[in-house]
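Okay, so here's the structure we're looking at.
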Amino acid sequence: MFFAVISILPEMFSAIKDFGVVGRAVKNEQVVIHVINPRDFTTDNYRRIDERPFGGGPGMVMMAEPLEKAIMHAQDLAKQAGCDIQNGQCPVVYLSPQGETLSEPLVANMPSLDGMILLCGRYEGIDERLIARYVDKEISIGDYVLTGGELPAMVLMDSVIRRLPKVMGDDLSAEQDSFVDGLLDCPHYTKPLEFHGEAVPPVLLSGHHANIAKWRFLEQVKRTKARRPELWEDFQPSKQQAKWLKDLED
Ligand SMILES: NC(=O)c1ccc(NC2CCCC2)nc1
């Protein structure tokens with residue numbers, strides 16, 4: 001999968017490119033992450049990418065032209081990477097508090113894309129005319145304001161890349177994640193058998209896989225009911241899960 005991120009702080013992306021599961025996916029060329037600095041597309045001696053806002057007010061606004069050139073360069077890279085692009089363009093996503101909130105359903109169908117271009121703002125934001133002309137989708141990682149779109153871009157990339165086939169050590173773990181089945185995750189345990197006198201739930205040591213699967217599901221239900229009742233409201237149990245729930249009521 002192809003990613004191009006546009007940011008005036010390109011070094012930040014080593015945090016995702018050089019470490020962990022995503023770093024390994026990059027090394028294995030399962031995913032490509034290009035980082036493009038709009039400053040490289042400026043024409044003045046000061047490499048200006050921001051200016052005072054029209055209408056006054058605090059701070060600076062990112063100018064449209066360097067970003068436009070950076071996006072066009074990213075589209076070229078996407079084409080060279082063989083992105084099978086609908087209507088000739090790789091989707092451009094702008095990370096901002098004004099966007100649609102990132103959620104598992106929104107992430108779920110992103111891995112099917114060939115690529116994405118992520119636009120990271122700084123200062124007070126980006127000239128609206130650039131957004132109107134080039135941004136296909138605004139996405140927010142939550143209702144809070146950050147100093148830049150870089151961390152949200154890394155959150156988005158991580159959530160998508162971990163779902164690519166063969167990226168997670170055991171694909172099943174991606175399926176069993178919280179939210180994938182609409183519930184919060186169950187508790188997890190590992191060695192040592194005792195921790196400050198706290199033992200491990202015996203069923204997990206039983207080797208009885210059906211009982212273990214049932215226990216884990218019922219723990220997900222308990223936790224979701226307690227912490228996220230609104231998720232529980234929308235939960236649609238599978239046939240097997242409905243049977244386990246019935247046992248719970250009996
Ligand atoms: N909740 C978010 O996903 C989010 C994204 C970007 C941002 N700040 C950026 C947006 C334009 C200038 C700084 N803050 C918050």
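Here's how to read the names in the structure tokens: chain A, B, ... by the order shown, residue numbers from 1 in each chain, ligand numbers from 1 in the order shown.
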
(request) Identify, counting only C-alpha atoms and all ligand atoms, the protein, DNA and RNA residues located within 6 Å of ligand 1, and give them as a list in words. (result)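 Final answer, ordered by chain and number: Leu95, Ser96, Pro97, Gly121, Arg122, Tyr123, Glu124, Gly125, Ser140, Ile141, Gly142, Asp143, Tyr144, Val145, Leu146, Thr147, Gly148, Gly149 and Pro152 of chain A.
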
Would you save the residues from that selection as a PDB file, in the first residue's frame, using N, CA and C atoms?
```pdb
ATOM      1  N   LEU A  95      -5.973  15.875   7.774  1.00  0.00           N
ATOM      2  CA  LEU A  95      -6.227  15.573   9.180  1.00  0.00           C
ATOM      3  C   LEU A  95      -6.596  16.866   9.898  1.00  0.00           C
ATOM      4  N   SER A  96      -7.803  16.941  10.427  1.00  0.00           N
ATOM      5  CA  SER A  96      -8.238  18.167  11.098  1.00  0.00           C
ATOM      6  C   SER A  96      -9.406  17.881  12.034  1.00  0.00           C
ATOM      7  N   PRO A  97      -9.571  18.732  13.079  1.00  0.00           N
ATOM      8  CA  PRO A  97     -10.702  18.544  14.001  1.00  0.00           C
ATOM      9  C   PRO A  97     -12.052  18.688  13.307  1.00  0.00           C
ATOM     10  N   GLY A 121      -1.476  19.655   8.502  1.00  0.00           N
ATOM     11  CA  GLY A 121      -1.432  21.102   8.707  1.00  0.00           C
ATOM     12  C   GLY A 121      -0.666  21.450   9.969  1.00  0.00           C
ATOM     13  N   ARG A 122      -0.215  22.706  10.013  1.00  0.00           N
ATOM     14  CA  ARG A 122       0.390  23.284  11.226  1.00  0.00           C
ATOM     15  C   ARG A 122      -0.172  24.692  11.352  1.00  0.00           C
ATOM     16  N   TYR A 123       0.314  25.433  12.404  1.00  0.00           N
ATOM     17  CA  TYR A 123      -0.140  26.816  12.622  1.00  0.00           C
ATOM     18  C   TYR A 123      -1.665  26.828  12.831  1.00  0.00           C
ATOM     19  N   GLU A 124      -2.368  27.795  12.173  1.00  0.00           N
ATOM     20  CA  GLU A 124      -3.825  27.876  12.333  1.00  0.00           C
ATOM     21  C   GLU A 124      -4.553  27.016  11.304  1.00  0.00           C
ATOM     22  N   GLY A 125      -3.797  26.428  10.386  1.00  0.00           N
ATOM     23  CA  GLY A 125      -4.448  25.614   9.364  1.00  0.00           C
ATOM     24  C   GLY A 125      -3.980  25.978   7.965  1.00  0.00           C
ATOM     25  N   SER A 140     -10.692  13.315  11.464  1.00  0.00           N
ATOM     26  CA  SER A 140     -10.248  13.720  12.802  1.00  0.00           C
ATOM     27  C   SER A 140     -10.029  12.459  13.645  1.00  0.00           C
ATOM     28  N   ILE A 141      -9.003  12.482  14.505  1.00  0.00           N
ATOM     29  CA  ILE A 141      -8.813  11.310  15.390  1.00  0.00           C
ATOM     30  C   ILE A 141      -9.521  11.538  16.713  1.00  0.00           C
ATOM     31  N   GLY A 142     -10.237  12.647  16.858  1.00  0.00           N
ATOM     32  CA  GLY A 142     -10.965  12.868  18.108  1.00  0.00           C
ATOM     33  C   GLY A 142     -11.223  14.356  18.301  1.00  0.00           C
ATOM     34  N   ASP A 143     -12.119  14.655  19.260  1.00  0.00           N
ATOM     35  CA  ASP A 143     -12.533  16.060  19.425  1.00  0.00           C
ATOM     36  C   ASP A 143     -11.573  16.800  20.350  1.00  0.00           C
ATOM     37  N   TYR A 144     -10.371  17.037  19.813  1.00  0.00           N
ATOM     38  CA  TYR A 144      -9.385  17.847  20.536  1.00  0.00           C
ATOM     39  C   TYR A 144      -8.434  18.429  19.495  1.00  0.00           C
ATOM     40  N   VAL A 145      -7.822  19.542  19.865  1.00  0.00           N
ATOM     41  CA  VAL A 145      -6.965  20.265  18.922  1.00  0.00           C
ATOM     42  C   VAL A 145      -5.500  19.965  19.222  1.00  0.00           C
ATOM     43  N   LEU A 146      -4.730  19.701  18.182  1.00  0.00           N
ATOM     44  CA  LEU A 146      -3.289  19.429  18.328  1.00  0.00           C
ATOM     45  C   LEU A 146      -2.506  20.499  17.579  1.00  0.00           C
ATOM     46  N   THR A 147      -1.195  20.511  17.776  1.00  0.00           N
ATOM     47  CA  THR A 147      -0.376  21.541  17.128  1.00  0.00           C
ATOM     48  C   THR A 147      -0.127  21.216  15.661  1.00  0.00           C
ATOM     49  N   GLY A 148      -0.468  19.988  15.271  1.00  0.00           N
ATOM     50  CA  GLY A 148      -0.227  19.634  13.873  1.00  0.00           C
ATOM     51  C   GLY A 148      -0.965  18.356  13.516  1.00  0.00           C
ATOM     52  N   GLY A 149      -1.052  18.075  12.236  1.00  0.00           N
ATOM     53  CA  GLY A 149      -1.734  16.872  11.772  1.00  0.00           C
ATOM     54  C   GLY A 149      -0.842  15.644  11.693  1.00  0.00           C
ATOM     55  N   PRO A 152      -1.950  12.711  14.163  1.00  0.00           N
ATOM     56  CA  PRO A 152      -3.143  12.054  13.602  1.00  0.00           C
ATOM     57  C   PRO A 152      -2.847  11.249  12.340  1.00  0.00           C
TER      58      PRO A 152
END
```

List every residue of segment 154-239 of chain A that has an atom at most 7 Å from any atom of segment 20-44 of chain A, giving for each one its closest atom pair and the distance in Å to one decimal, counting only C-alpha atoms, sorted by chain and then by ascending residue number, as JSON lines.
```
{"residue": "A:Asp158", "atom": "CA", "partner": "A:Val22", "partner_atom": "CA", "distance": 6.8}
{"residue": "A:Ile161", "atom": "CA", "partner": "A:Val22", "partner_atom": "CA", "distance": 6.7}
{"residue": "A:Val167", "atom": "CA", "partner": "A:Ala25", "partner_atom": "CA", "distance": 6.2}
{"residue": "A:Met168", "atom": "CA", "partner": "A:Val21", "partner_atom": "CA", "distance": 6.9}
```

(request) Please identify which residues in segment 123-205 of chain A DSSP calls strand (DSSP E or B) from the backbone, and express them as a ChimeraX atom specification. (result) /A:126,137-140,195,198

Save the residues we just selected, N, CA and C atoms, as a PDB file, in the first residue's frame?
```pdb
ATOM      1  N   ILE A 126      -4.792  25.542   6.983  1.00  0.00           N
ATOM      2  CA  ILE A 126      -4.429  25.651   5.571  1.00  0.00           C
ATOM      3  C   ILE A 126      -5.427  26.558   4.853  1.00  0.00           C
ATOM      4  N   LYS A 137     -11.139  14.051   1.585  1.00  0.00           N
ATOM      5  CA  LYS A 137     -11.799  13.692   2.835  1.00  0.00           C
ATOM      6  C   LYS A 137     -11.040  14.290   4.012  1.00  0.00           C
ATOM      7  N   GLU A 138     -11.757  14.929   4.926  1.00  0.00           N
ATOM      8  CA  GLU A 138     -11.146  15.393   6.178  1.00  0.00           C
ATOM      9  C   GLU A 138     -11.426  14.351   7.255  1.00  0.00           C
ATOM     10  N   ILE A 139     -10.381  13.991   8.012  1.00  0.00           N
ATOM     11  CA  ILE A 139     -10.547  12.996   9.073  1.00  0.00           C
ATOM     12  C   ILE A 139      -9.974  13.550  10.375  1.00  0.00           C
ATOM     13  N   SER A 140     -10.692  13.315  11.464  1.00  0.00           N
ATOM     14  CA  SER A 140     -10.248  13.720  12.802  1.00  0.00           C
ATOM     15  C   SER A 140     -10.029  12.459  13.645  1.00  0.00           C
ATOM     16  N   PHE A 195       1.134 -12.931  40.131  1.00  0.00           N
ATOM     17  CA  PHE A 195       1.707 -11.571  40.143  1.00  0.00           C
ATOM     18  C   PHE A 195       1.153 -10.862  41.379  1.00  0.00           C
ATOM     19  N   GLU A 198      -1.802 -12.412  42.658  1.00  0.00           N
ATOM     20  CA  GLU A 198      -2.953 -12.482  41.738  1.00  0.00           C
ATOM     21  C   GLU A 198      -2.724 -13.632  40.757  1.00  0.00           C
TER      22      GLU A 198
END
```

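Closest to Asp50 of chain A among A:Asp18, A:Asp114, A:Asp127, A:Glu104 is A:Asp127, based on only C-alpha atoms.
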
(request) Report the residues of segment 35-164 of chain A whose backbone DSSP state falls under helix (DSSP H, G or I), written as JSON, numbers by chain. (result) {"A": [38, 39, 40, 41, 64, 65, 66, 67, 68, 69, 70, 71, 72, 73, 74, 75, 76, 77, 78, 79, 80, 86, 87, 88, 104, 105, 106, 107, 108, 128, 129, 130, 131, 132, 133, 134, 150, 151, 152, 153, 154, 155, 156, 157, 158, 159, 160, 161]}

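Taking only C-alpha atoms, the non-local environment of segment 241-249 of chain A within 9 Å (same-chain residues fewer than 6 positions away omitted) comprises Lys214, Phe217, Leu218 and Val221 of chain A.
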
(message) Set the distance at 10 Å and use only C-alpha atoms: which residues neighbour segment 189-191 of chain A once local chain neighbours fewer than 4 positions away are removed? I'd like the list as a list in words.
(response)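 Close residues of segment 189-191 of chain A: Phe195, Ala199, Val200, Pro201 and Leu204 of chain A.
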
(message) If I take atom CA of Leu118 of chain A and atom CA of Phe3 of chain A, how far is one from the other in Å, to one decimal?
(response)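 Going from atom CA of Leu118 of chain A over to atom CA of Phe3 of chain A covers 7.4 Å.
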
(request) Name all residues at most 8 Å from segment 227-231 of chain A (count only C-alpha atoms; drop same-chain ones fewer than 3 positions away) and give them as an NGL selection string. (result) :A and (182-183 or 223-224 or 234-235)

(request) To one decimal in Å, tell me the separation between atom CA of Phe19 of chain A and atom CA of Val92 of chain A. (result)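 Going from atom CA of Phe19 of chain A over to atom CA of Val92 of chain A covers 25.1 Å.
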